[in-house]
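**Q** My structure file entry-v8.cif, mmCIF, C-alpha atoms, is below:
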```
data_upload
#
loop_
_atom_site.label_atom_id
_atom_site.label_comp_id
_atom_site.auth_asym_id
_atom_site.auth_seq_id
_atom_site.Cartn_x
_atom_site.Cartn_y
_atom_site.Cartn_z
CA MET V 1 16.32 25.88 19.80
CA ASP V 2 17.52 23.14 17.48
CA ALA V 3 18.37 25.33 14.47
CA GLY V 4 20.04 22.43 12.67
CA ARG V 5 16.85 20.44 12.56
CA ILE V 6 14.82 23.41 11.32
CA GLN V 7 17.32 24.08 8.50
CA LYS V 8 17.06 20.41 7.51
CA GLU V 9 13.28 20.56 7.57
CA LEU V 10 13.23 23.66 5.37
CA LYS V 11 15.57 22.03 2.83
CA GLU V 12 13.44 18.91 2.73
CA ILE V 13 10.26 20.90 2.14
CA GLU V 14 11.95 22.89 -0.63
CA ARG V 15 13.11 19.70 -2.34
CA ASP V 16 9.58 18.27 -2.45
CA LYS V 17 7.59 20.28 -4.97
CA LYS V 18 4.71 17.83 -5.27
CA SER V 19 3.28 17.88 -1.76
CA GLY V 20 1.35 21.15 -2.20
CA VAL V 21 2.81 22.62 0.99
CA SER V 22 5.71 25.02 1.44
CA VAL V 23 7.36 27.09 4.14
CA GLN V 24 9.03 30.48 3.90
CA LEU V 25 11.52 32.01 6.27
CA ASN V 26 10.87 35.55 7.50
CA GLY V 27 14.30 37.06 7.34
CA ASP V 28 16.79 35.53 9.76
CA ASN V 29 14.23 34.76 12.43
CA ILE V 30 13.65 30.99 12.58
CA HIS V 31 11.07 31.44 15.33
CA ARG V 32 8.60 32.87 12.90
CA LEU V 33 7.81 31.17 9.61
CA THR V 34 5.05 31.33 7.04
CA GLY V 35 3.47 28.17 5.64
CA PHE V 36 1.48 27.80 2.44
CA LEU V 37 -0.87 25.01 1.44
CA GLU V 38 -3.11 24.19 -1.48
CA GLY V 39 -6.72 23.28 -0.78
CA PRO V 40 -7.37 19.54 -1.20
CA LYS V 41 -9.04 18.30 -4.39
CA ASP V 42 -12.76 17.43 -4.44
CA THR V 43 -13.48 19.64 -1.44
CA ALA V 44 -14.92 23.13 -1.02
CA TYR V 45 -11.31 24.30 -0.56
CA GLN V 46 -10.07 23.03 -3.94
CA GLY V 47 -8.17 25.67 -5.89
CA GLY V 48 -7.54 27.71 -2.74
CA TYR V 49 -4.11 28.85 -1.58
CA PHE V 50 -3.92 29.18 2.19
CA VAL V 51 -1.38 31.08 4.28
CA VAL V 52 -0.48 29.80 7.75
CA ASP V 53 1.40 31.72 10.47
CA ILE V 54 3.95 29.47 12.19
CA LYS V 55 5.61 30.29 15.49
CA LEU V 56 8.32 28.07 16.94
CA GLU V 57 9.24 28.15 20.60
CA ASP V 58 12.74 27.47 21.89
CA GLN V 59 11.71 23.97 22.99
CA TYR V 60 10.70 22.94 19.44
CA PRO V 61 10.62 20.03 18.41
CA PHE V 62 9.73 18.95 21.96
CA VAL V 63 6.67 21.20 21.88
CA PRO V 64 4.36 21.56 18.85
CA PRO V 65 4.73 24.47 16.40
CA LYS V 66 2.07 27.15 16.91
CA MET V 67 0.03 27.36 13.73
CA ARG V 68 -2.81 29.68 12.77
CA PHE V 69 -4.49 30.35 9.42
CA ARG V 70 -3.78 33.88 8.20
CA THR V 71 -6.17 33.24 5.30
CA LYS V 72 -9.86 33.34 6.27
CA VAL V 73 -11.31 29.79 6.22
CA TRP V 74 -14.88 28.52 6.71
CA HIS V 75 -14.35 25.20 8.49
CA PRO V 76 -15.71 23.66 11.75
CA ASN V 77 -12.24 23.21 13.24
CA ILE V 78 -10.84 26.63 12.26
CA SER V 79 -11.97 29.88 13.84
CA SER V 80 -13.63 32.06 11.19
CA ALA V 81 -12.64 35.08 13.30
CA ASN V 82 -8.93 34.57 13.94
CA GLY V 83 -7.80 31.41 12.15
CA ALA V 84 -7.11 29.43 15.35
CA ILE V 85 -6.91 25.71 14.63
CA CYS V 86 -8.29 22.79 16.63
CA LEU V 87 -6.13 19.80 15.71
CA ASP V 88 -4.85 17.18 18.15
CA ILE V 89 -1.32 16.89 16.74
CA LEU V 90 -0.83 20.64 17.27
CA LYS V 91 -1.75 20.08 20.93
CA ASP V 92 -1.43 17.00 23.15
CA GLN V 93 -0.87 14.54 20.30
CA TRP V 94 2.31 16.26 19.06
CA SER V 95 5.40 14.09 18.70
CA PRO V 96 8.98 15.22 17.96
CA ALA V 97 8.98 12.72 15.08
CA LEU V 98 6.48 15.03 13.34
CA THR V 99 7.73 18.00 11.29
CA LEU V 100 6.48 21.32 9.89
CA LYS V 101 5.80 19.46 6.64
CA THR V 102 3.76 16.68 8.25
CA ALA V 103 1.89 19.29 10.32
CA LEU V 104 0.99 21.28 7.18
CA LEU V 105 -0.05 18.05 5.44
CA SER V 106 -2.25 17.34 8.47
CA LEU V 107 -3.87 20.76 8.02
CA GLN V 108 -4.57 19.80 4.41
CA ALA V 109 -6.11 16.56 5.65
CA LEU V 110 -8.15 18.51 8.21
CA LEU V 111 -9.57 20.68 5.42
CA ALA V 112 -10.60 17.47 3.61
CA SER V 113 -12.20 15.85 6.66
CA PRO V 114 -13.76 18.21 9.23
CA GLU V 115 -14.46 16.98 12.76
CA PRO V 116 -17.68 18.85 13.70
CA ASP V 117 -17.87 17.05 17.06
CA ASP V 118 -14.71 18.77 18.26
CA PRO V 119 -15.27 22.27 16.88
CA GLN V 120 -13.16 25.39 17.06
CA ASP V 121 -15.93 27.48 15.53
CA GLY V 122 -19.35 26.56 16.94
CA VAL V 123 -21.33 28.51 14.32
CA VAL V 124 -19.59 26.80 11.41
CA ALA V 125 -19.84 23.38 13.10
CA SER V 126 -23.58 23.64 13.68
CA GLN V 127 -24.09 24.80 10.10
CA TYR V 128 -21.98 21.82 8.93
CA ILE V 129 -24.23 19.44 10.87
CA LYS V 130 -27.61 21.08 10.17
CA ASN V 131 -27.26 22.47 6.67
CA GLN V 132 -24.54 20.72 4.68
CA PRO V 133 -25.40 22.36 1.29
CA LEU V 134 -25.20 25.85 2.82
CA PHE V 135 -21.93 24.93 4.54
CA GLN V 136 -20.44 23.74 1.24
CA ARG V 137 -21.55 26.91 -0.53
CA THR V 138 -20.16 29.19 2.16
CA ALA V 139 -16.86 27.31 2.39
CA ARG V 140 -16.43 27.46 -1.41
CA GLN V 141 -17.33 31.15 -1.48
CA TRP V 142 -14.76 31.95 1.24
CA THR V 143 -12.16 29.92 -0.64
CA GLU V 144 -12.78 31.87 -3.86
CA GLN V 145 -12.85 35.20 -2.07
CA TYR V 146 -9.96 34.87 0.40
CA ALA V 147 -7.73 31.90 -0.46
CA THR V 148 -6.08 33.36 -3.54
CA ARG V 149 -2.43 33.65 -4.52
CA GLU V 150 -3.15 37.28 -5.31
CA LEU V 151 -4.21 38.03 -1.73
CA ALA V 152 -1.27 36.04 -0.41
CA SER V 153 1.14 38.17 -2.41
CA GLN V 154 -0.73 41.38 -1.51
CA ASP V 155 -0.30 40.34 2.06
CA ASP V 156 3.40 40.01 1.33
CA GLU V 157 3.41 43.46 -0.30
CA LYS V 158 1.96 44.96 2.88
CA VAL V 159 4.82 43.43 4.82
CA LEU V 160 7.31 44.67 2.23
CA SER V 161 5.93 48.22 2.40
CA ILE V 162 6.74 48.22 6.11
CA THR V 163 10.09 46.45 5.89
CA SER V 164 11.17 48.95 3.22
CA MET V 165 10.94 51.61 5.95
CA GLY V 166 13.61 49.72 7.82
CA PHE V 167 11.54 47.65 10.24
CA PRO V 168 12.48 43.99 10.60
CA ARG V 169 10.12 41.55 8.96
CA GLU V 170 8.98 39.91 12.19
CA MET V 171 8.05 43.32 13.66
CA ALA V 172 6.07 44.10 10.51
CA LEU V 173 4.21 40.80 10.80
CA THR V 174 3.38 41.32 14.47
CA ALA V 175 2.15 44.87 13.84
CA LEU V 176 0.02 43.83 10.85
CA GLU V 177 -1.43 40.99 12.88
CA SER V 178 -2.51 43.35 15.66
CA THR V 179 -4.10 45.82 13.22
CA HIS V 180 -5.80 43.08 11.16
CA GLY V 181 -3.83 43.97 8.05
CA ASP V 182 -4.23 47.76 8.15
CA VAL V 183 -0.85 48.99 6.87
CA ASN V 184 -1.15 52.60 8.03
CA ALA V 185 -2.30 51.64 11.50
CA ALA V 186 0.56 49.13 11.69
CA ILE V 187 3.12 51.76 10.70
CA ASN V 188 1.72 54.23 13.24
CA LYS V 189 1.92 51.58 15.89
CA LEU V 190 5.54 50.82 15.06
CA LEU V 191 6.48 54.51 14.97
CA GLU V 192 4.81 55.13 18.33
CA SER V 193 6.79 52.34 19.93
CA CYS V 194 10.09 53.70 18.58
CA MET J 1 59.33 -16.71 -5.08
CA THR J 2 59.16 -15.37 -1.56
CA PHE J 3 59.97 -11.98 -0.13
CA ASP J 4 61.80 -11.56 3.02
CA VAL J 5 59.81 -8.67 4.49
CA GLU J 6 60.39 -6.96 7.75
CA ILE J 7 57.48 -4.87 9.07
CA VAL J 8 58.92 -1.63 10.32
CA ARG J 9 55.67 -0.02 11.38
CA TRP J 10 51.98 -0.31 10.64
CA HIS J 11 48.91 1.87 10.91
CA ALA J 12 45.55 0.28 11.65
CA VAL J 13 42.24 1.86 10.69
CA ALA J 14 38.90 0.72 12.04
CA SER J 15 35.42 1.98 11.30
CA TRP J 16 32.39 1.73 13.51
CA THR J 17 28.67 2.38 13.21
CA TRP J 18 25.62 2.04 15.41
CA ASN J 19 23.60 -0.90 14.22
CA ALA J 20 20.53 1.32 14.09
CA GLY J 21 19.00 0.64 10.69
CA ASP J 22 17.56 4.06 9.89
CA ASP J 23 20.45 6.41 9.41
CA VAL J 24 19.14 9.53 11.18
CA CYS J 25 17.59 10.04 14.60
CA GLY J 26 13.87 10.78 14.20
CA ILE J 27 14.05 13.56 16.78
CA CYS J 28 17.10 15.69 15.92
CA ARG J 29 17.41 14.38 12.31
CA MET J 30 21.17 14.01 12.74
CA PRO J 31 22.89 10.76 11.73
CA PHE J 32 23.08 8.16 14.50
CA ASP J 33 26.82 8.07 13.94
CA GLY J 34 26.94 11.83 14.55
CA CYS J 35 26.00 13.95 17.55
CA PRO J 36 22.63 15.21 18.73
CA PRO J 37 22.47 19.05 19.19
CA ASP J 38 23.86 18.86 22.73
CA GLY J 39 26.41 16.13 22.09
CA LYS J 40 30.07 17.00 21.59
CA TYR J 41 31.51 13.74 20.29
CA PRO J 42 30.01 10.89 18.31
CA GLY J 43 30.17 7.38 19.69
CA ASP J 44 30.06 6.74 23.42
CA ASP J 45 29.30 10.39 24.16
CA SER J 46 26.20 10.23 21.93
CA PRO J 47 24.80 6.76 22.48
CA VAL J 48 21.88 5.32 20.55
CA VAL J 49 19.14 3.55 22.49
CA TRP J 50 16.22 1.38 21.50
CA GLY J 51 12.70 1.08 22.84
CA VAL J 52 11.03 -2.32 23.16
CA CYS J 53 8.94 -1.19 20.18
CA GLY J 54 12.12 -1.36 18.09
CA HIS J 55 12.54 2.38 17.39
CA ALA J 56 15.95 3.96 17.97
CA PHE J 57 16.93 7.50 19.03
CA HIS J 58 19.94 9.29 20.44
CA LEU J 59 19.81 8.81 24.22
CA GLN J 60 19.92 12.58 24.78
CA CYS J 61 17.03 13.16 22.35
CA ILE J 62 14.63 10.54 23.72
CA GLN J 63 15.45 11.60 27.30
CA LYS J 64 14.59 15.21 26.50
CA TRP J 65 11.28 14.08 25.02
CA LEU J 66 10.39 11.78 27.93
CA GLN J 67 11.26 14.50 30.44
CA SER J 68 8.88 16.89 28.68
CA GLN J 69 6.00 14.38 29.03
CA ALA J 70 4.00 13.33 32.07
CA GLN J 71 5.55 10.39 33.96
CA THR J 72 2.43 8.35 33.31
CA ASP J 73 2.27 9.06 29.59
CA GLN J 74 5.65 8.34 28.03
CA ARG J 75 5.33 7.20 24.47
CA CYS J 76 7.54 6.43 21.48
CA PRO J 77 7.59 9.46 19.15
CA PHE J 78 7.10 7.16 16.15
CA CYS J 79 4.51 4.56 17.11
CA ARG J 80 3.08 6.14 20.32
CA ARG J 81 3.43 2.85 22.15
CA ALA J 82 4.36 3.13 25.81
CA TRP J 83 8.11 3.83 25.89
CA GLU J 84 10.29 1.26 27.60
CA PHE J 85 14.05 1.07 27.15
CA LYS J 86 15.13 -2.16 25.54
CA ALA J 87 17.93 -3.90 27.41
CA ALA J 88 21.23 -3.78 25.55
CA ALA J 89 21.98 -6.99 23.69
CA PRO J 90 24.77 -8.99 25.32
CA SER J 91 27.97 -8.33 23.41
CA SER J 92 29.32 -11.33 21.59
#
```
Just give me the structure as structure tokens.
**A**
Amino acid sequence: MDAGRIQKELKEIERDKKSGVSVQLNGDNIHRLTGFLEGPKDTAYQGGYFVVDIKLEDQYPFVPPKMRFRTKVWHPNISSANGAICLDILKDQWSPALTLKTALLSLQALLASPEPDDPQDGVVASQYIKNQPLFQRTARQWTEQYATRELASQDDEKVLSITSMGFPREMALTALESTHGDVNAAINKLLESC
Amino acid sequence: MTFDVEIVRWHAVASWTWNAGDDVCGICRMPFDGCPPDGKYPGDDSPVVWGVCGHAFHLQCIQKWLQSQAQTDQRCPFCRRAWEFKAAAPSS
């Protein structure tokens, strides 16, 4: 794992306040980061604040970062069930000249220009093609309901309520992920595995 | 007026740099004049190489990338053109 490069990337993202994307470390673990991006203007996602789970493998930057939306998004190329993303640069079109910042900016660009012919979520894609007004309404409604700074910080509070019990942050995140955000179930799970 | 000077000893200092334009390697983000993550010493131990497309990387970095790709699909990380090492310019 090239920790030096990741530290440099994080500094560069922090320096640039205008891009509308940011990345947060989860404790000391550089394999597991959290990304944040603002919905692009003049789209159904405008005004939204989206949280992205980022996992880095040891071979990074020679393999792409694993990214998944933690915020629920209504978009043809993002699974409405689990946030999985269909984007070429996160798969076979990755290049080590790309960075976490350029990848998050590409997610912003993906929100602005869906590719319904290469869908991740078939239901959303067919709605996008067959009923554009309904798609726009649904996407906007999901943005207003789920992509809020308030929910993002509540999400963080859930993590904090678990880390305050002494569990490391990455364990809290994994447990919350597996229980779909249910704090009590996550704590039970962690206690059982102790 | 002239001085009659005798040189007792002298200390020469030289500086060097890779003529690589961009100052950091696009893969490891370290200066070309420094080391990639696996390099120990700058200079000959951490050489800089060019592709025919004109993009430069630390040799170790571009090799790692090419090795991770299929033999038939080796591309420049910057411009995605087929990667081919550019022959070193004859030293003058």
**Q** Write down, as number ranges by chain, each residue of chain J that has any atom within 10 Å of an atom of chain V, counting only C-alpha atoms.
**A** J: 25-30, 36-38, 61-62, 64-69, 75-80
**Q** Kindly give the distance, in Å, that separates CA of Ile78 in chain V and CA of Glu115 in chain V, rounded to a single decimal.
**A** 10.3 Å
**Q** Care to translate the PyMOL selection byres ((chain V and resi 170) around 8) into actual residues of this file, as a PyMOL selection string?
**A** chain V and resi 26-27+29+32+168-169+171-174
**Q** Within 12 Å of Trp18 in chain J, counting only C-alpha atoms, which residues show up once you throw out same-chain ones fewer than 3 positions away? Write them as a VMD selection string, please.
**A** chain J and resid 15 21 to 25 31 to 34 42 to 44 46 to 50 56 to 58
**Q** If I take CA of Gln127 in chain V and CA of Leu37 in chain V, how far is one from the other in Å, to one decimal?
**A**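 Separating CA of Gln127 in chain V from CA of Leu37 in chain V is a distance of 24.8 Å.
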**Q** Between CA of Trp74 in chain V and CA of Gln141 in chain V, what is the spacing in Å?
**A**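 Taking CA of Gln141 in chain V and CA of Trp74 in chain V, their separation equals 8.9 Å.
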**Q** With only C-alpha atoms as the basis for distance, which of J:Ala70, J:Val5, J:Ala87, J:Cys35 is at the shortest distance from Gly54 in chain J?
**A**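 Nearest to Gly54 in chain J: J:Ala87.
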**Q** Can you work out which one of V:Asn188, V:Gln120, V:Gln24, V:Ser178 has the shortest atom-to-atom distance to Leu100 in chain V, counting only C-alpha atoms?
**A**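 Closest to Leu100 in chain V, using only C-alpha atoms: V:Gln24.
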**Q** Quick one: apply the PyMOL selection byres ((chain V and resi 66) around 7) to the file and drop the selected residues here as a PyMOL selection string.
**A** chain V and resi 54-56+64-65+67-68
**Q** Since I can't run it myself right now, could you work out what the PyMOL selection byres ((chain V and resi 21) around 9) selects here and report it as a PyMOL selection string?
**A** chain V and resi 13+16-20+22-23+35-38+101+104-105+108
**Q** Reconstruct range 51-62 of chain J at the level of all heavy atoms, and format the result as an mmCIF file, keeping the file's coordinate frame.
**A**
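What follows is the written file result34.cif:
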```cif
data_model
loop_
_atom_site.group_PDB
_atom_site.id
_atom_site.type_symbol
_atom_site.label_atom_id
_atom_site.label_comp_id
_atom_site.auth_asym_id
_atom_site.auth_seq_id
_atom_site.Cartn_x
_atom_site.Cartn_y
_atom_site.Cartn_z
ATOM 1 N N GLY J 51 13.854 1.398 22.004
ATOM 2 C CA GLY J 51 12.700 1.080 22.840
ATOM 3 C C GLY J 51 12.306 -0.361 22.556
ATOM 4 O O GLY J 51 12.722 -0.921 21.535
ATOM 5 N N VAL J 52 11.476 -0.949 23.423
ATOM 6 C CA VAL J 52 11.030 -2.320 23.160
ATOM 7 C C VAL J 52 10.211 -2.382 21.872
ATOM 8 O O VAL J 52 10.083 -3.423 21.245
ATOM 9 C CB VAL J 52 10.210 -2.902 24.340
ATOM 10 C CG1 VAL J 52 11.096 -3.201 25.517
ATOM 11 C CG2 VAL J 52 9.090 -1.979 24.724
ATOM 12 N N CYS J 53 9.694 -1.230 21.430
ATOM 13 C CA CYS J 53 8.940 -1.190 20.180
ATOM 14 C C CYS J 53 9.871 -1.313 18.969
ATOM 15 O O CYS J 53 9.406 -1.481 17.843
ATOM 16 C CB CYS J 53 8.132 0.109 20.088
ATOM 17 S SG CYS J 53 9.143 1.597 20.205
ATOM 18 N N GLY J 54 11.179 -1.180 19.194
ATOM 19 C CA GLY J 54 12.120 -1.360 18.090
ATOM 20 C C GLY J 54 12.619 -0.051 17.486
ATOM 21 O O GLY J 54 13.467 -0.061 16.597
ATOM 22 N N HIS J 55 12.093 1.107 17.950
ATOM 23 C CA HIS J 55 12.540 2.380 17.390
ATOM 24 C C HIS J 55 13.745 2.926 18.159
ATOM 25 O O HIS J 55 13.802 2.839 19.384
ATOM 26 C CB HIS J 55 11.387 3.390 17.388
ATOM 27 C CG HIS J 55 10.298 2.999 16.444
ATOM 28 N ND1 HIS J 55 9.006 2.748 16.848
ATOM 29 C CD2 HIS J 55 10.334 2.775 15.107
ATOM 30 C CE1 HIS J 55 8.278 2.389 15.796
ATOM 31 N NE2 HIS J 55 9.058 2.398 14.730
ATOM 32 N N ALA J 56 14.691 3.493 17.388
ATOM 33 C CA ALA J 56 15.950 3.960 17.970
ATOM 34 C C ALA J 56 16.048 5.481 17.936
ATOM 35 O O ALA J 56 15.532 6.130 17.012
ATOM 36 C CB ALA J 56 17.125 3.347 17.215
ATOM 37 N N PHE J 57 16.692 6.047 18.953
ATOM 38 C CA PHE J 57 16.930 7.500 19.030
ATOM 39 C C PHE J 57 18.259 7.719 19.739
ATOM 40 O O PHE J 57 18.757 6.837 20.442
ATOM 41 C CB PHE J 57 15.823 8.195 19.830
ATOM 42 C CG PHE J 57 14.450 7.965 19.297
ATOM 43 C CD1 PHE J 57 13.661 6.939 19.788
ATOM 44 C CD2 PHE J 57 13.947 8.764 18.277
ATOM 45 C CE1 PHE J 57 12.394 6.702 19.283
ATOM 46 C CE2 PHE J 57 12.683 8.535 17.770
ATOM 47 C CZ PHE J 57 11.904 7.503 18.272
ATOM 48 N N HIS J 58 18.820 8.924 19.581
ATOM 49 C CA HIS J 58 19.940 9.290 20.440
ATOM 50 C C HIS J 58 19.416 9.299 21.883
ATOM 51 O O HIS J 58 18.302 9.779 22.129
ATOM 52 C CB HIS J 58 20.459 10.698 20.117
ATOM 53 C CG HIS J 58 21.272 10.760 18.855
ATOM 54 N ND1 HIS J 58 20.939 11.592 17.812
ATOM 55 C CD2 HIS J 58 22.412 10.125 18.498
ATOM 56 C CE1 HIS J 58 21.839 11.452 16.852
ATOM 57 N NE2 HIS J 58 22.745 10.571 17.232
ATOM 58 N N LEU J 59 20.242 8.822 22.820
ATOM 59 C CA LEU J 59 19.810 8.810 24.220
ATOM 60 C C LEU J 59 19.395 10.213 24.684
ATOM 61 O O LEU J 59 18.357 10.395 25.307
ATOM 62 C CB LEU J 59 20.947 8.268 25.114
ATOM 63 C CG LEU J 59 20.685 8.329 26.621
ATOM 64 C CD1 LEU J 59 19.544 7.411 27.004
ATOM 65 C CD2 LEU J 59 21.947 7.957 27.406
ATOM 66 N N GLN J 60 20.230 11.223 24.340
ATOM 67 C CA GLN J 60 19.920 12.580 24.780
ATOM 68 C C GLN J 60 18.558 13.053 24.249
ATOM 69 O O GLN J 60 17.815 13.741 24.929
ATOM 70 C CB GLN J 60 20.995 13.584 24.303
ATOM 71 C CG GLN J 60 22.280 13.530 25.097
ATOM 72 C CD GLN J 60 23.372 12.768 24.351
ATOM 73 O OE1 GLN J 60 23.087 11.747 23.730
ATOM 74 N NE2 GLN J 60 24.603 13.259 24.421
ATOM 75 N N CYS J 61 18.267 12.684 22.981
ATOM 76 C CA CYS J 61 17.030 13.160 22.350
ATOM 77 C C CYS J 61 15.796 12.528 23.004
ATOM 78 O O CYS J 61 14.844 13.229 23.348
ATOM 79 C CB CYS J 61 17.046 12.840 20.855
ATOM 80 S SG CYS J 61 18.353 13.696 19.965
ATOM 81 N N ILE J 62 15.818 11.197 23.161
ATOM 82 C CA ILE J 62 14.630 10.540 23.720
ATOM 83 C C ILE J 62 14.454 10.949 25.184
ATOM 84 O O ILE J 62 13.320 11.122 25.654
ATOM 85 C CB ILE J 62 14.685 8.996 23.553
ATOM 86 C CG1 ILE J 62 13.344 8.348 23.932
ATOM 87 C CG2 ILE J 62 15.796 8.345 24.374
ATOM 88 C CD1 ILE J 62 12.222 8.621 22.973
#
```
